[in-house]
$ cat start24.txt   # compact mmCIF, N, CA and C atoms
# COMPACT_ATOMS: atom_id res chain seq x y z
N MET X 21 90.57 77.54 109.13
CA MET X 21 91.30 77.78 110.36
C MET X 21 90.50 78.72 111.25
N ALA X 22 90.65 78.52 112.54
CA ALA X 22 89.99 79.39 113.51
C ALA X 22 90.67 80.75 113.51
N LYS X 23 89.95 81.74 114.00
CA LYS X 23 90.54 83.08 114.08
C LYS X 23 91.71 83.06 115.05
N ALA X 24 92.80 83.67 114.64
CA ALA X 24 94.01 83.72 115.48
C ALA X 24 94.14 85.10 116.08
N SER X 25 94.74 85.16 117.26
CA SER X 25 94.92 86.43 117.94
C SER X 25 96.24 87.10 117.58
N ASP X 26 97.20 86.31 117.08
CA ASP X 26 98.50 86.88 116.69
C ASP X 26 99.17 85.96 115.67
N HIS X 27 100.33 86.39 115.19
CA HIS X 27 101.03 85.62 114.16
C HIS X 27 101.41 84.22 114.64
N GLU X 28 101.88 84.10 115.88
CA GLU X 28 102.28 82.79 116.40
C GLU X 28 101.10 81.82 116.39
N ALA X 29 99.95 82.29 116.86
CA ALA X 29 98.77 81.43 116.91
C ALA X 29 98.32 81.04 115.51
N TYR X 30 98.40 81.98 114.58
CA TYR X 30 98.01 81.69 113.19
C TYR X 30 98.89 80.59 112.62
N ILE X 31 100.19 80.74 112.77
CA ILE X 31 101.13 79.75 112.23
C ILE X 31 100.93 78.40 112.91
N ALA X 32 100.72 78.40 114.22
CA ALA X 32 100.53 77.15 114.96
C ALA X 32 99.27 76.40 114.48
N ALA X 33 98.26 77.14 114.03
CA ALA X 33 97.01 76.52 113.58
C ALA X 33 97.07 76.07 112.12
N ALA X 34 98.10 76.46 111.40
CA ALA X 34 98.23 76.12 109.97
C ALA X 34 98.61 74.65 109.82
N PRO X 35 98.35 74.08 108.64
CA PRO X 35 98.79 72.70 108.39
C PRO X 35 100.29 72.55 108.68
N GLU X 36 100.65 71.46 109.31
CA GLU X 36 102.03 71.27 109.78
C GLU X 36 103.08 71.45 108.69
N ASP X 37 102.80 70.96 107.49
CA ASP X 37 103.81 71.05 106.43
C ASP X 37 103.99 72.47 105.89
N LEU X 38 103.04 73.36 106.21
CA LEU X 38 103.14 74.75 105.76
C LEU X 38 103.79 75.67 106.80
N ARG X 39 103.87 75.23 108.02
CA ARG X 39 104.40 76.09 109.10
C ARG X 39 105.82 76.60 108.83
N PRO X 40 106.75 75.76 108.37
CA PRO X 40 108.09 76.30 108.09
C PRO X 40 108.07 77.40 107.03
N LEU X 41 107.21 77.27 106.02
CA LEU X 41 107.10 78.31 104.99
C LEU X 41 106.58 79.60 105.60
N LEU X 42 105.58 79.49 106.46
CA LEU X 42 105.00 80.67 107.10
C LEU X 42 105.98 81.33 108.05
N GLU X 43 106.73 80.51 108.79
CA GLU X 43 107.73 81.07 109.71
C GLU X 43 108.80 81.83 108.94
N ASN X 44 109.25 81.28 107.82
CA ASN X 44 110.25 81.96 107.00
C ASN X 44 109.67 83.24 106.39
N LEU X 45 108.45 83.16 105.90
CA LEU X 45 107.81 84.33 105.32
C LEU X 45 107.68 85.44 106.35
N ARG X 46 107.24 85.08 107.54
CA ARG X 46 107.12 86.08 108.61
C ARG X 46 108.46 86.70 108.92
N ALA X 47 109.51 85.89 109.03
CA ALA X 47 110.84 86.40 109.33
C ALA X 47 111.34 87.34 108.24
N GLN X 48 111.13 86.97 107.00
CA GLN X 48 111.58 87.83 105.89
C GLN X 48 110.81 89.15 105.87
N LEU X 49 109.51 89.09 106.08
CA LEU X 49 108.70 90.31 106.10
C LEU X 49 109.08 91.19 107.30
N SER X 50 109.33 90.58 108.45
CA SER X 50 109.74 91.34 109.63
C SER X 50 111.06 92.05 109.39
N ARG X 51 111.97 91.39 108.72
CA ARG X 51 113.28 91.96 108.44
C ARG X 51 113.16 93.10 107.42
N THR X 52 112.39 92.87 106.37
CA THR X 52 112.24 93.85 105.30
C THR X 52 111.42 95.06 105.74
N LEU X 53 110.39 94.80 106.53
CA LEU X 53 109.50 95.86 107.01
C LEU X 53 109.73 96.05 108.51
N ALA X 54 110.96 96.36 108.87
CA ALA X 54 111.38 96.39 110.28
C ALA X 54 110.55 97.34 111.15
N ASP X 55 110.04 98.40 110.58
CA ASP X 55 109.27 99.36 111.36
C ASP X 55 107.77 99.06 111.36
N ALA X 56 107.36 97.98 110.72
CA ALA X 56 105.94 97.63 110.63
C ALA X 56 105.46 96.96 111.91
N GLU X 57 104.19 97.13 112.18
CA GLU X 57 103.54 96.49 113.31
C GLU X 57 102.90 95.19 112.82
N GLU X 58 103.09 94.11 113.56
CA GLU X 58 102.43 92.85 113.22
C GLU X 58 100.98 92.93 113.69
N VAL X 59 100.06 92.64 112.79
CA VAL X 59 98.64 92.70 113.10
C VAL X 59 97.94 91.48 112.50
N ILE X 60 96.73 91.25 112.96
CA ILE X 60 95.82 90.31 112.31
C ILE X 60 94.72 91.17 111.69
N ALA X 61 94.60 91.10 110.39
CA ALA X 61 93.58 91.87 109.67
C ALA X 61 92.97 90.96 108.61
N TYR X 62 91.67 91.05 108.42
CA TYR X 62 90.97 90.20 107.46
C TYR X 62 91.25 88.72 107.75
N ASN X 63 91.36 88.38 109.02
CA ASN X 63 91.61 87.01 109.49
C ASN X 63 92.92 86.42 109.01
N MET X 64 93.90 87.29 108.72
CA MET X 64 95.22 86.79 108.35
C MET X 64 96.29 87.71 108.91
N PRO X 65 97.49 87.18 109.11
CA PRO X 65 98.59 88.00 109.62
C PRO X 65 99.00 89.06 108.60
N GLY X 66 99.30 90.23 109.11
CA GLY X 66 99.74 91.30 108.23
C GLY X 66 100.78 92.18 108.89
N PHE X 67 101.36 93.05 108.08
CA PHE X 67 102.36 94.00 108.53
C PHE X 67 101.86 95.39 108.17
N ARG X 68 101.64 96.22 109.20
CA ARG X 68 101.05 97.52 109.01
C ARG X 68 102.07 98.62 109.30
N VAL X 69 102.12 99.59 108.40
CA VAL X 69 102.93 100.79 108.60
C VAL X 69 101.93 101.94 108.65
N GLY X 70 101.87 102.62 109.78
CA GLY X 70 100.84 103.64 109.95
C GLY X 70 99.49 102.96 109.96
N LYS X 71 98.62 103.36 109.05
CA LYS X 71 97.29 102.75 108.95
C LYS X 71 97.16 101.82 107.76
N THR X 72 98.28 101.55 107.09
CA THR X 72 98.26 100.78 105.85
C THR X 72 98.85 99.38 106.03
N ILE X 73 98.10 98.37 105.61
CA ILE X 73 98.64 97.00 105.57
C ILE X 73 99.51 96.92 104.32
N VAL X 74 100.80 96.74 104.52
CA VAL X 74 101.75 96.69 103.40
C VAL X 74 101.85 95.28 102.84
N ALA X 75 101.79 94.29 103.71
CA ALA X 75 101.90 92.89 103.29
C ALA X 75 101.15 92.00 104.27
N GLY X 76 100.62 90.92 103.75
CA GLY X 76 99.95 89.94 104.58
C GLY X 76 100.27 88.56 104.05
N TYR X 77 99.91 87.54 104.82
CA TYR X 77 100.12 86.17 104.35
C TYR X 77 99.02 85.28 104.89
N ALA X 78 98.88 84.13 104.25
CA ALA X 78 97.83 83.20 104.63
C ALA X 78 98.24 81.78 104.30
N ALA X 79 97.63 80.85 105.03
CA ALA X 79 97.83 79.42 104.78
C ALA X 79 96.50 78.83 104.34
N PHE X 80 96.58 77.92 103.40
CA PHE X 80 95.40 77.21 102.92
C PHE X 80 95.66 75.73 103.14
N THR X 81 94.93 74.86 102.51
CA THR X 81 95.10 73.43 102.72
C THR X 81 96.45 72.93 102.22
N LYS X 82 96.83 73.33 101.01
CA LYS X 82 98.05 72.79 100.41
C LYS X 82 99.05 73.86 99.99
N GLN X 83 98.74 75.11 100.21
CA GLN X 83 99.64 76.18 99.78
C GLN X 83 99.52 77.39 100.70
N CYS X 84 100.44 78.32 100.51
CA CYS X 84 100.45 79.59 101.24
C CYS X 84 100.38 80.72 100.23
N GLY X 85 100.09 81.90 100.72
CA GLY X 85 100.07 83.06 99.86
C GLY X 85 100.64 84.27 100.57
N ILE X 86 101.26 85.15 99.79
CA ILE X 86 101.69 86.46 100.28
C ILE X 86 100.84 87.48 99.53
N TYR X 87 100.35 88.47 100.25
CA TYR X 87 99.43 89.45 99.68
C TYR X 87 100.00 90.85 99.84
N VAL X 88 100.13 91.53 98.71
CA VAL X 88 100.77 92.84 98.65
C VAL X 88 99.97 93.73 97.69
N SER X 89 100.46 94.90 97.38
CA SER X 89 99.76 95.82 96.49
C SER X 89 99.73 95.28 95.06
N PRO X 90 98.67 95.61 94.30
CA PRO X 90 98.61 95.17 92.90
C PRO X 90 99.81 95.65 92.08
N GLY X 91 100.30 96.85 92.35
CA GLY X 91 101.45 97.38 91.61
C GLY X 91 102.71 96.56 91.82
N SER X 92 102.88 96.04 93.02
CA SER X 92 104.08 95.23 93.28
C SER X 92 104.01 93.91 92.53
N ILE X 93 102.80 93.33 92.42
CA ILE X 93 102.63 92.09 91.67
C ILE X 93 102.95 92.33 90.19
N SER X 94 102.38 93.39 89.62
CA SER X 94 102.59 93.65 88.20
C SER X 94 104.04 94.03 87.90
N SER X 95 104.67 94.80 88.80
CA SER X 95 106.05 95.21 88.53
C SER X 95 107.05 94.06 88.67
N LEU X 96 106.68 93.03 89.40
CA LEU X 96 107.57 91.89 89.61
C LEU X 96 107.05 90.62 88.93
N ALA X 97 106.17 90.79 87.95
CA ALA X 97 105.59 89.63 87.26
C ALA X 97 106.66 88.71 86.67
N GLY X 98 107.72 89.29 86.14
CA GLY X 98 108.80 88.48 85.57
C GLY X 98 109.50 87.64 86.62
N ASP X 99 109.78 88.23 87.77
CA ASP X 99 110.42 87.51 88.88
C ASP X 99 109.52 86.39 89.40
N ILE X 100 108.22 86.68 89.48
CA ILE X 100 107.26 85.69 89.96
C ILE X 100 107.21 84.51 88.99
N ALA X 101 107.13 84.80 87.71
CA ALA X 101 107.10 83.74 86.69
C ALA X 101 108.41 82.95 86.69
N GLU X 102 109.52 83.64 86.84
CA GLU X 102 110.83 82.98 86.85
C GLU X 102 110.94 82.00 88.02
N ALA X 103 110.28 82.33 89.13
CA ALA X 103 110.29 81.44 90.30
C ALA X 103 109.29 80.29 90.13
N GLY X 104 108.52 80.31 89.04
CA GLY X 104 107.54 79.25 88.79
C GLY X 104 106.32 79.35 89.67
N LEU X 105 105.99 80.56 90.12
CA LEU X 105 104.86 80.76 91.02
C LEU X 105 103.69 81.39 90.29
N LYS X 106 102.50 81.23 90.86
CA LYS X 106 101.29 81.80 90.29
C LYS X 106 100.92 83.05 91.07
N ALA X 107 100.42 84.04 90.33
CA ALA X 107 100.02 85.29 90.96
C ALA X 107 98.59 85.65 90.58
N THR X 108 97.93 86.32 91.50
CA THR X 108 96.65 86.96 91.24
C THR X 108 96.92 88.46 91.26
N LYS X 109 95.89 89.26 91.25
CA LYS X 109 96.06 90.71 91.25
C LYS X 109 96.82 91.20 92.49
N THR X 110 96.61 90.54 93.63
CA THR X 110 97.24 91.00 94.87
C THR X 110 98.03 89.94 95.62
N GLY X 111 98.21 88.77 95.04
CA GLY X 111 98.89 87.72 95.79
C GLY X 111 99.71 86.77 94.95
N VAL X 112 100.61 86.09 95.64
CA VAL X 112 101.45 85.06 95.03
C VAL X 112 101.32 83.83 95.90
N THR X 113 101.03 82.69 95.29
CA THR X 113 100.90 81.45 96.05
C THR X 113 102.12 80.56 95.84
N PHE X 114 102.40 79.77 96.86
CA PHE X 114 103.56 78.88 96.85
C PHE X 114 103.28 77.70 97.77
N SER X 115 104.10 76.67 97.64
CA SER X 115 103.88 75.43 98.39
C SER X 115 105.22 74.86 98.86
N PRO X 116 105.16 73.82 99.69
CA PRO X 116 106.41 73.19 100.12
C PRO X 116 107.25 72.67 98.95
N SER X 117 106.60 72.23 97.89
CA SER X 117 107.35 71.72 96.75
C SER X 117 107.92 72.84 95.86
N ASN X 118 107.39 74.05 95.99
CA ASN X 118 107.89 75.19 95.24
C ASN X 118 107.78 76.45 96.11
N PRO X 119 108.68 76.57 97.10
CA PRO X 119 108.62 77.71 98.01
C PRO X 119 109.00 79.03 97.33
N ILE X 120 108.57 80.11 97.92
CA ILE X 120 108.88 81.44 97.39
C ILE X 120 110.31 81.80 97.83
N PRO X 121 111.14 82.28 96.91
CA PRO X 121 112.50 82.67 97.28
C PRO X 121 112.51 83.88 98.23
N ASP X 122 113.45 83.86 99.17
CA ASP X 122 113.57 84.97 100.13
C ASP X 122 113.73 86.31 99.42
N GLU X 123 114.51 86.32 98.36
CA GLU X 123 114.74 87.57 97.62
C GLU X 123 113.44 88.12 97.04
N LEU X 124 112.56 87.24 96.59
CA LEU X 124 111.29 87.67 96.03
C LEU X 124 110.38 88.23 97.12
N ILE X 125 110.40 87.63 98.29
CA ILE X 125 109.62 88.15 99.42
C ILE X 125 110.05 89.58 99.69
N GLU X 126 111.35 89.80 99.77
CA GLU X 126 111.88 91.13 100.05
C GLU X 126 111.48 92.12 98.96
N LYS X 127 111.62 91.73 97.70
CA LYS X 127 111.25 92.62 96.59
C LYS X 127 109.76 92.97 96.63
N LEU X 128 108.91 91.97 96.87
CA LEU X 128 107.47 92.22 96.93
C LEU X 128 107.11 93.17 98.07
N ALA X 129 107.71 92.95 99.24
CA ALA X 129 107.41 93.81 100.40
C ALA X 129 107.86 95.24 100.15
N GLN X 130 109.07 95.41 99.60
CA GLN X 130 109.57 96.75 99.32
C GLN X 130 108.74 97.44 98.25
N ALA X 131 108.36 96.72 97.20
CA ALA X 131 107.55 97.30 96.14
C ALA X 131 106.17 97.70 96.66
N SER X 132 105.59 96.87 97.52
CA SER X 132 104.30 97.19 98.10
C SER X 132 104.39 98.44 98.97
N ARG X 133 105.42 98.50 99.77
CA ARG X 133 105.64 99.68 100.61
C ARG X 133 105.77 100.94 99.74
N ASN X 134 106.55 100.85 98.68
CA ASN X 134 106.74 101.98 97.77
C ASN X 134 105.42 102.36 97.10
N ASP X 135 104.62 101.37 96.70
CA ASP X 135 103.33 101.63 96.07
C ASP X 135 102.41 102.42 97.00
N HIS X 136 102.53 102.15 98.28
CA HIS X 136 101.69 102.84 99.27
C HIS X 136 102.29 104.19 99.68
N GLY X 137 103.46 104.52 99.12
CA GLY X 137 104.09 105.80 99.44
C GLY X 137 104.62 105.88 100.87
N LEU X 138 105.06 104.75 101.39
CA LEU X 138 105.55 104.71 102.77
C LEU X 138 107.05 104.53 102.85
$ encode --input "start24.txt" --output "structure tokens"
Amino acid sequence: MAKASDHEAYIAAAPEDLRPLLENLRAQLSRTLADAEEVIAYNMPGFRVGKTIVAGYAAFTKQCGIYVSPGSISSLAGDIAEAGLKATKTGVTFSPSNPIPDELIEKLAQASRNDHGL
């Protein structure tokens, strides 16, 4: 994907079948991190509190990812597995056939914020 100037442009440039997932993810993160600033960092949309990126997201060819602190991933490993999703050290991937639950988005964002001491 080309570099986007804001969240809307990023989502608009994503594969069409992933856009609803990204729109929902953005809405959930905006609600959970209400005081965060929407930014583009590392060529992906993110939510910054102060100077810290608390959460970010990305679209790929067939899936999306949410990126948060390593501590939030490890502390919620059971919830991630229960949702049938795969996690890396800092991210959780999901697809149209297995979307990430809204509750998990909220938990990940809050845990990441707490990990950063914000």
$ closest_residue --input "start24.txt" --among "X:Gln130, X:Ser50, X:Thr72, X:Ser92" --to "X:Lys109" --atoms "only N, CA and C atoms"
X:Ser92
$ residues_around --input "start24.txt" --residues "X:Met64" --least-positions-apart "3" --cutoff "6 Å" --atoms "all atoms listed in the file" --output "ChimeraX atom specification"
/X:59-61,77-78
$ write_last_selection --input "start24.txt" --atoms "N, CA and C atoms" --output "PDB file, in the coordinates of the input"
ATOM      1  N   VAL X  59     100.060  92.640 112.790  1.00  0.00           N
ATOM      2  CA  VAL X  59      98.640  92.700 113.100  1.00  0.00           C
ATOM      3  C   VAL X  59      97.940  91.480 112.500  1.00  0.00           C
ATOM      4  N   ILE X  60      96.730  91.250 112.960  1.00  0.00           N
ATOM      5  CA  ILE X  60      95.820  90.310 112.310  1.00  0.00           C
ATOM      6  C   ILE X  60      94.720  91.170 111.690  1.00  0.00           C
ATOM      7  N   ALA X  61      94.600  91.100 110.390  1.00  0.00           N
ATOM      8  CA  ALA X  61      93.580  91.870 109.670  1.00  0.00           C
ATOM      9  C   ALA X  61      92.970  90.960 108.610  1.00  0.00           C
ATOM     10  N   TYR X  77      99.910  87.540 104.820  1.00  0.00           N
ATOM     11  CA  TYR X  77     100.120  86.170 104.350  1.00  0.00           C
ATOM     12  C   TYR X  77      99.020  85.280 104.890  1.00  0.00           C
ATOM     13  N   ALA X  78      98.880  84.130 104.250  1.00  0.00           N
ATOM     14  CA  ALA X  78      97.830  83.200 104.630  1.00  0.00           C
ATOM     15  C   ALA X  78      98.240  81.780 104.300  1.00  0.00           C
TER      16      ALA X  78
END
$ residues_around --input "start24.txt" --residues "X:Leu49" --least-positions-apart "5" --cutoff "8 Å" --atoms "only N, CA and C atoms" --output "ChimeraX atom specification"
/X:43-44,54-56,67,75,125-126,129
$ closest_residue --input "start24.txt" --among "X:Ala29, X:Leu53, X:Cys84, X:Ala131" --to "X:Phe114" --atoms "all atoms listed in the file"
X:Cys84
$ atom_distance --input "start24.txt" --atom1 "atom N of X:Asp135" --atom2 "atom N of X:Ile73"
11.4 Å
$ closest_residue --input "start24.txt" --among "X:Gly76, X:Glu58, X:Thr108, X:Gln48" --to "X:His27" --atoms "all atoms listed in the file"
X:Glu58
$ atom_distance --input "start24.txt" --atom1 "atom CA of X:His136" --atom2 "atom CA of X:Val112"
18.3 Å
$ select_by_dssp --input "start24.txt" --residues "stretch 43-106 of chain X" --states "alpha helix (DSSP H)" --output "PyMOL selection string"
chain X and resi 43-52+90-95+97-102
$ atom_distance --input "start24.txt" --atom1 "atom C of X:Asp122" --atom2 "atom CA of X:Gly70"
24.0 Å
